[in-house]
>>> print(open('model-v6.txt').read())   # compact mmCIF, C-alpha atoms (C1' of nucleotides)
# COMPACT_ATOMS: atom_id res chain seq x y z
CA MET A 1 233.91 -84.21 52.72
CA ASP A 2 236.39 -84.29 55.55
CA VAL A 3 234.75 -82.58 58.44
CA THR A 4 237.74 -82.78 60.76
CA GLU A 5 239.72 -80.40 58.57
CA THR A 6 237.30 -77.57 59.12
CA ARG A 7 236.48 -78.43 62.70
CA LEU A 8 236.98 -75.63 65.20
CA PRO A 9 239.19 -76.19 68.25
CA GLU A 10 237.48 -78.03 71.06
CA PRO A 11 238.54 -79.71 74.31
CA ALA A 12 239.38 -83.39 74.31
CA LEU A 13 237.07 -85.58 76.36
CA THR A 14 239.55 -85.68 79.24
CA GLU A 15 239.82 -81.89 79.26
CA ILE A 16 236.10 -81.27 79.73
CA ARG A 17 235.37 -79.86 83.20
CA LEU A 18 232.04 -80.31 84.91
CA THR A 19 231.89 -76.73 86.21
CA ALA A 20 232.54 -75.44 82.68
CA VAL A 21 229.67 -77.53 81.30
CA LEU A 22 227.32 -76.36 84.05
CA HIS A 23 228.37 -72.76 83.53
CA ALA A 24 227.83 -73.06 79.79
CA LEU A 25 224.30 -74.37 80.30
CA ALA A 26 223.46 -71.90 83.08
CA ASP A 27 222.51 -69.21 80.55
CA PRO A 28 219.03 -69.08 79.00
CA VAL A 29 220.26 -68.44 75.47
CA ARG A 30 222.83 -71.24 75.57
CA LEU A 31 220.47 -73.69 77.24
CA ARG A 32 218.00 -73.01 74.46
CA ILE A 33 220.66 -73.66 71.83
CA ALA A 34 221.52 -76.99 73.43
CA ALA A 35 217.85 -77.92 73.70
CA GLU A 36 217.17 -77.13 70.05
CA LEU A 37 220.21 -79.14 68.99
CA ALA A 38 218.97 -82.07 71.04
CA ASP A 39 215.44 -81.92 69.70
CA GLY A 40 216.05 -81.23 66.04
CA THR A 41 218.35 -82.73 63.47
CA HIS A 42 221.78 -83.53 64.79
CA GLU A 43 223.40 -80.48 63.28
CA MET A 44 222.20 -76.94 62.63
CA ALA A 45 223.54 -73.67 61.31
CA CYS A 46 223.73 -70.77 63.78
CA GLN A 47 221.27 -68.65 61.84
CA ALA A 48 218.66 -71.41 62.07
CA PHE A 49 218.14 -70.73 65.77
CA ALA A 50 216.61 -67.25 65.45
CA LEU A 51 218.07 -66.22 68.80
CA PRO A 52 216.92 -63.00 70.50
CA VAL A 53 220.43 -61.52 70.34
CA THR A 54 222.67 -60.02 67.68
CA LYS A 55 225.06 -62.01 65.52
CA SER A 56 228.11 -61.15 67.57
CA THR A 57 226.49 -62.16 70.84
CA SER A 58 225.40 -65.34 69.15
CA THR A 59 228.98 -66.07 68.12
CA HIS A 60 230.03 -65.54 71.71
CA HIS A 61 227.49 -68.02 73.08
CA PHE A 62 228.40 -70.70 70.56
CA LYS A 63 232.04 -70.29 71.48
CA VAL A 64 231.29 -70.72 75.19
CA LEU A 65 229.39 -73.93 74.44
CA ARG A 66 232.18 -75.21 72.21
CA THR A 67 235.08 -74.44 74.52
CA ALA A 68 233.16 -76.05 77.40
CA GLY A 69 232.86 -79.20 75.28
CA VAL A 70 229.09 -79.14 74.93
CA ILE A 71 228.95 -78.68 71.16
CA ARG A 72 231.14 -79.29 68.14
CA GLN A 73 231.37 -76.88 65.20
CA HIS A 74 232.66 -77.12 61.66
CA ARG A 75 232.34 -75.06 58.53
CA ARG A 76 230.07 -75.98 55.67
CA GLY A 77 230.14 -73.46 52.91
CA THR A 78 229.25 -70.09 54.35
CA SER A 79 227.55 -71.63 57.37
CA ARG A 80 228.86 -72.85 60.68
CA MET A 81 227.27 -76.17 61.58
CA SER A 82 226.85 -77.05 65.25
CA CYS A 83 226.00 -80.34 66.90
CA LEU A 84 225.80 -81.59 70.48
CA ARG A 85 228.61 -83.80 71.77
CA ALA A 86 225.89 -85.86 73.40
CA GLU A 87 227.41 -89.33 73.23
CA GLU A 88 230.80 -88.13 74.45
CA LEU A 89 229.31 -86.14 77.30
CA ASP A 90 227.16 -89.06 78.29
CA GLN A 91 230.22 -91.24 78.38
CA LEU A 92 232.02 -88.74 80.62
CA PHE A 93 229.08 -87.69 82.81
CA PRO A 94 226.35 -90.33 82.41
CA GLY A 95 222.85 -88.94 82.47
CA LEU A 96 223.92 -85.36 83.04
CA LEU A 97 222.99 -83.77 79.73
CA THR A 98 219.84 -85.86 79.53
CA SER A 99 218.53 -84.72 82.90
CA ILE A 100 219.39 -81.08 82.27
CA LEU A 101 217.58 -81.09 78.95
CA ARG A 102 214.63 -82.93 80.45
CA ALA A 103 214.48 -80.36 83.24
CA HIS A 104 214.52 -77.58 80.68
CA ARG A 105 211.72 -79.19 78.69
CA THR A 106 209.62 -79.52 81.84
CA GLU A 107 210.20 -75.98 82.95
CA GLN A 108 209.69 -74.30 79.59
CA PRO A 109 206.73 -76.16 78.09
CA VAL A 110 206.53 -76.07 74.33
CA SER A 111 204.50 -73.03 73.37
CA MET B 1 212.15 -77.08 118.26
CA ASP B 2 210.35 -75.36 115.45
CA VAL B 3 212.79 -75.14 112.63
CA THR B 4 210.55 -73.10 110.34
CA GLU B 5 210.67 -70.13 112.70
CA THR B 6 214.40 -69.71 112.25
CA ARG B 7 214.50 -70.75 108.62
CA LEU B 8 216.11 -68.27 106.27
CA PRO B 9 214.16 -67.01 103.25
CA GLU B 10 214.18 -69.42 100.33
CA PRO B 11 212.31 -69.76 97.03
CA ALA B 12 209.18 -71.88 96.88
CA LEU B 13 209.39 -74.96 94.71
CA THR B 14 207.59 -73.22 91.87
CA GLU B 15 209.99 -70.30 92.00
CA ILE B 16 213.12 -72.38 91.51
CA ARG B 17 214.67 -71.71 88.11
CA LEU B 18 216.81 -74.27 86.31
CA THR B 19 219.39 -71.73 85.17
CA ALA B 20 219.76 -70.49 88.75
CA VAL B 21 220.38 -74.02 90.01
CA LEU B 22 222.93 -74.69 87.27
CA HIS B 23 224.63 -71.37 87.95
CA ALA B 24 224.76 -72.12 91.68
CA LEU B 25 226.43 -75.47 91.06
CA ALA B 26 228.78 -74.15 88.36
CA ASP B 27 231.28 -72.96 90.98
CA PRO B 28 233.87 -75.32 92.47
CA VAL B 29 233.35 -74.15 96.05
CA ARG B 30 229.58 -74.40 95.88
CA LEU B 31 229.63 -77.73 94.07
CA ARG B 32 231.84 -79.06 96.83
CA ILE B 33 229.42 -77.80 99.48
CA ALA B 34 226.53 -79.56 97.75
CA ALA B 35 228.56 -82.74 97.39
CA GLU B 36 229.54 -82.79 101.06
CA LEU B 37 225.94 -82.20 102.08
CA ALA B 38 224.85 -85.09 99.89
CA ASP B 39 227.50 -87.46 101.18
CA GLY B 40 227.47 -86.68 104.88
CA THR B 41 224.74 -86.28 107.41
CA HIS B 42 221.71 -84.46 106.11
CA GLU B 43 222.61 -81.20 107.76
CA MET B 44 225.89 -79.47 108.53
CA ALA B 45 227.12 -76.22 110.02
CA CYS B 46 229.02 -73.88 107.70
CA GLN B 47 232.20 -74.10 109.68
CA ALA B 48 232.25 -77.89 109.30
CA PHE B 49 233.17 -77.59 105.62
CA ALA B 50 236.66 -76.13 106.07
CA LEU B 51 236.35 -74.25 102.80
CA PRO B 52 239.42 -72.63 101.21
CA VAL B 53 237.90 -69.15 101.49
CA THR B 54 237.24 -66.65 104.26
CA LYS B 55 234.09 -66.56 106.37
CA SER B 56 232.51 -63.74 104.41
CA THR B 57 233.05 -65.46 101.08
CA SER B 58 231.65 -68.60 102.59
CA THR B 59 228.51 -66.74 103.65
CA HIS B 60 228.19 -65.47 100.10
CA HIS B 61 228.35 -68.97 98.58
CA PHE B 62 225.79 -70.38 101.01
CA LYS B 63 223.47 -67.54 100.16
CA VAL B 64 223.78 -68.21 96.42
CA LEU B 65 222.94 -71.87 97.01
CA ARG B 66 220.00 -70.98 99.22
CA THR B 67 218.46 -68.33 96.98
CA ALA B 68 218.78 -70.71 94.03
CA GLY B 69 216.82 -73.28 96.00
CA VAL B 70 219.59 -75.85 96.29
CA ILE B 71 219.95 -75.76 100.07
CA ARG B 72 217.87 -74.82 103.09
CA GLN B 73 219.30 -73.04 106.12
CA HIS B 74 218.13 -72.48 109.66
CA ARG B 75 219.72 -71.32 112.88
CA ARG B 76 220.69 -73.69 115.65
CA GLY B 77 222.34 -71.92 118.54
CA THR B 78 225.28 -70.00 117.22
CA SER B 79 225.54 -72.18 114.12
CA ARG B 80 223.79 -72.02 110.77
CA MET B 81 222.71 -75.48 109.72
CA SER B 82 222.47 -76.26 106.00
CA CYS B 83 220.87 -79.16 104.20
CA LEU B 84 220.21 -80.06 100.58
CA ARG B 85 216.67 -79.68 99.24
CA ALA B 86 217.27 -82.97 97.48
CA GLU B 87 213.76 -84.44 97.53
CA GLU B 88 212.14 -81.20 96.42
CA LEU B 89 214.65 -80.66 93.63
CA ASP B 90 214.24 -84.22 92.47
CA GLN B 91 210.50 -83.69 92.35
CA LEU B 92 210.95 -80.56 90.25
CA PHE B 93 213.84 -81.74 88.05
CA PRO B 94 213.99 -85.54 88.30
CA GLY B 95 217.50 -86.95 88.24
CA LEU B 96 219.19 -83.57 87.84
CA LEU B 97 220.91 -83.21 91.19
CA THR B 98 221.77 -86.89 91.26
CA SER B 99 223.54 -86.84 87.92
CA ILE B 100 225.41 -83.62 88.70
CA LEU B 101 226.67 -85.02 92.00
CA ARG B 102 227.55 -88.33 90.38
CA ALA B 103 229.48 -86.45 87.68
CA HIS B 104 231.32 -84.52 90.36
CA ARG B 105 232.21 -87.71 92.22
CA THR B 106 233.55 -89.26 89.04
CA GLU B 107 235.58 -86.24 88.09
CA GLN B 108 237.07 -85.52 91.48
CA PRO B 109 237.89 -88.98 92.84
CA VAL B 110 238.09 -89.23 96.61
CA SER B 111 241.64 -88.52 97.64
C1' DC C 1 228.42 -59.62 132.50
C1' DT C 2 232.23 -60.94 129.79
C1' DC C 3 234.34 -63.51 126.52
C1' DG C 4 234.79 -66.60 122.57
C1' DT C 5 232.71 -68.68 118.56
C1' DA C 6 229.76 -68.65 114.31
C1' DG C 7 228.15 -66.17 111.08
C1' DT C 8 226.38 -61.57 108.60
C1' DA C 9 226.76 -56.94 106.46
C1' DC C 10 229.20 -53.58 104.18
C1' DG C 11 232.45 -51.65 101.20
C1' DG C 12 235.88 -52.28 97.92
C1' DC C 13 238.29 -54.38 94.03
C1' DA C 14 239.89 -56.95 89.95
C1' DG C 15 238.09 -59.78 86.61
C1' DC C 16 234.62 -61.87 84.03
C1' DT C 17 229.88 -61.79 81.45
C1' DG C 18 226.32 -60.62 78.33
C1' DT C 19 225.28 -57.31 75.29
C1' DC C 20 225.75 -54.26 71.28
C1' DA C 21 227.54 -51.76 66.94
C1' DA C 22 230.74 -51.44 63.38
C1' DA C 23 234.11 -53.21 60.50
C1' DC C 24 235.78 -57.24 58.63
C1' DT C 25 236.33 -62.20 56.36
C1' DA C 26 234.67 -66.25 53.83
C1' DC C 27 231.99 -68.28 50.68
C1' DG C 28 228.24 -69.00 47.02
C1' DA C 29 225.51 -67.15 43.36
C1' DT C 30 224.75 -64.31 39.51
C1' DA D 1 233.78 -59.02 39.38
C1' DT D 2 229.94 -57.97 42.19
C1' DC D 3 226.75 -58.77 45.51
C1' DG D 4 224.48 -60.98 49.36
C1' DT D 5 224.54 -64.11 53.22
C1' DA D 6 226.78 -66.16 57.37
C1' DG D 7 229.66 -65.56 60.74
C1' DT D 8 234.02 -63.38 63.26
C1' DT D 9 236.61 -59.79 65.47
C1' DT D 10 237.28 -55.82 68.00
C1' DG D 11 236.18 -52.42 71.19
C1' DA D 12 233.14 -50.70 74.34
C1' DC D 13 230.08 -50.75 78.37
C1' DA D 14 227.13 -51.81 82.39
C1' DG D 15 226.46 -55.27 85.57
C1' DC D 16 227.57 -59.21 88.03
C1' DT D 17 231.05 -62.47 90.50
C1' DG D 18 234.27 -64.09 93.65
C1' DC D 19 237.21 -62.58 96.80
C1' DC D 20 238.95 -60.07 100.84
C1' DG D 21 239.11 -57.29 105.37
C1' DT D 22 236.77 -54.95 108.86
C1' DA D 23 233.10 -54.11 111.68
C1' DC D 24 229.08 -55.94 113.37
C1' DT D 25 225.34 -59.29 115.50
C1' DA D 26 223.77 -63.51 117.86
C1' DC D 27 224.31 -66.93 120.90
C1' DG D 28 226.40 -70.19 124.50
C1' DA D 29 229.72 -70.89 128.28
C1' DG D 30 231.99 -69.39 132.28
>>> encode(input="model-v6.txt", output="structure tokens")
Amino acid sequence: MDVTETRLPEPALTEIRLTAVLHALADPVRLRIAAELADGTHEMACQAFALPVTKSTSTHHFKVLRTAGVIRQHRRGTSRMSCLRAEELDQLFPGLLTSILRAHRTEQPVS
Amino acid sequence: MDVTETRLPEPALTEIRLTAVLHALADPVRLRIAAELADGTHEMACQAFALPVTKSTSTHHFKVLRTAGVIRQHRRGTSRMSCLRAEELDQLFPGLLTSILRAHRTEQPVS
DNA sequence: CTCGTAGTACGGCAGCTGTCAAACTACGAT
DNA sequence: ATCGTAGTTTGACAGCTGCCGTACTACGAG
């Protein structure tokens, strides 16, 4: 299966802006999405997150994360699979994503 | 001189929220303020930044940084001195501020 | 006391943000 | 072909954001 064919548009590594990444992660819902992607398997369908918002709002948040360069998305059947661009981001901004996710884990202890 | 007497209201360490910090630093002007505070002497007057905005907008940005817990401000004569709450933030979210500022330095190379 | 400097407060404004509902598309299963 | 599931699109709306100008306050210097 060629994943690149169904991959949604995303910024190249050189186009990723720090302020866009910070803005994308400065929202509770989006931060939670990133955290769940980091903790769980490396890719998840949108519906697997059980977010406290409607489907359309969910679509919006995933798009913000994708256009900021935080996640990558591609189709698989009727689902939209998402995964963190962790390695790429770490190459561009070393330690950034790691420390943000660690901070989130500290602040919001697992229930 | 007792600095605490003239200190402007700020959140206690336990009241600082990660999303508020990220949001505060997700703006180019405010990120630049934080970066200059980190690079230069540990406290600076607002006017020393030569920001590309008017005084009132400048006041607004400093207030966002302060209420998010990123900086501390107190009066000194006719100036308002600002300094990063770097140690406190690092205690709360280890490595976070460091990696954000390092990312900013990488992205925006010194002219 | 008067004046200049540093910053705040207020009001306004265009634009963005997060949210929703409703209608739609895409795909798999039966 | 029909139906259900997963997600998108559009339009709407309240609220926030960044920005400005003007008027104001606080303080030091003369």
>>> atom_distance(input="model-v6.txt", atom1="CA of Leu8 (chain B)", atom2="CA of Lys63 (chain B)")
9.6 Å
>>> residues_around(input="model-v6.txt", residues="DC10 (chain C)", least_positions_apart="3", cutoff="12 Å", atoms="only C-alpha atoms (C1' of nucleotides)", output="VMD selection string")
(chain B and resid 56) or (chain D and resid 21 to 24)
>>> interface_residues(input="model-v6.txt", of="chain B", to="chain C", cutoff="12 Å", atoms="all atoms listed in the file", output="list in words")
Ala45, Cys46, Gln47, Ala48, Thr54, Lys55, Ser56, Thr57, Ser58, Thr59, His60, Phe62, Lys63, His74, Arg75, Arg76, Gly77, Thr78, Ser79, Arg80 and Met81 of chain B
>>> atom_distance(input="model-v6.txt", atom1="CA of His104 (chain B)", atom2="CA of Leu89 (chain A)")
13.3 Å
>>> closest_atom_pairs(input="model-v6.txt", of="chain A", to="chain B", cutoff="8 Å", atoms="only C-alpha atoms", output="tab-separated table")
residue	atom	partner	partner_atom	distance
A:Leu18	CA	B:His104	CA	6.9
A:Thr19	CA	B:Ala26	CA	4.6
A:Ala20	CA	B:Ala26	CA	6.9
A:Val21	CA	B:Ala26	CA	7.9
A:Leu22	CA	B:Ala26	CA	5.1
A:His23	CA	B:Ala26	CA	5.0
A:Leu25	CA	B:Leu22	CA	7.1
A:Ala26	CA	B:Thr19	CA	4.6
A:Asp27	CA	B:Thr19	CA	6.1
A:Pro28	CA	B:Thr19	CA	6.7
A:Leu92	CA	B:Ala103	CA	7.8
A:Phe93	CA	B:Ala103	CA	5.0
A:Pro94	CA	B:Ser99	CA	7.1
A:Gly95	CA	B:Ser99	CA	5.9
A:Leu96	CA	B:Ser99	CA	5.1
A:Ser99	CA	B:Leu96	CA	5.1
A:Ile100	CA	B:Leu96	CA	6.1
A:Arg102	CA	B:Phe93	CA	7.7
A:Ala103	CA	B:Phe93	CA	5.0
A:His104	CA	B:Leu18	CA	6.9
A:Thr106	CA	B:Phe93	CA	7.8
A:Glu107	CA	B:Leu18	CA	7.6
>>> axis_aligned_box(input="model-v6.txt", around="region 5-9 of chain C", padding_each_side="6 Å", output="JSON")
{"center_x": 229.5, "center_y": -62.8, "center_z": 112.5, "size_x": 18.3, "size_y": 23.7, "size_z": 24.1}
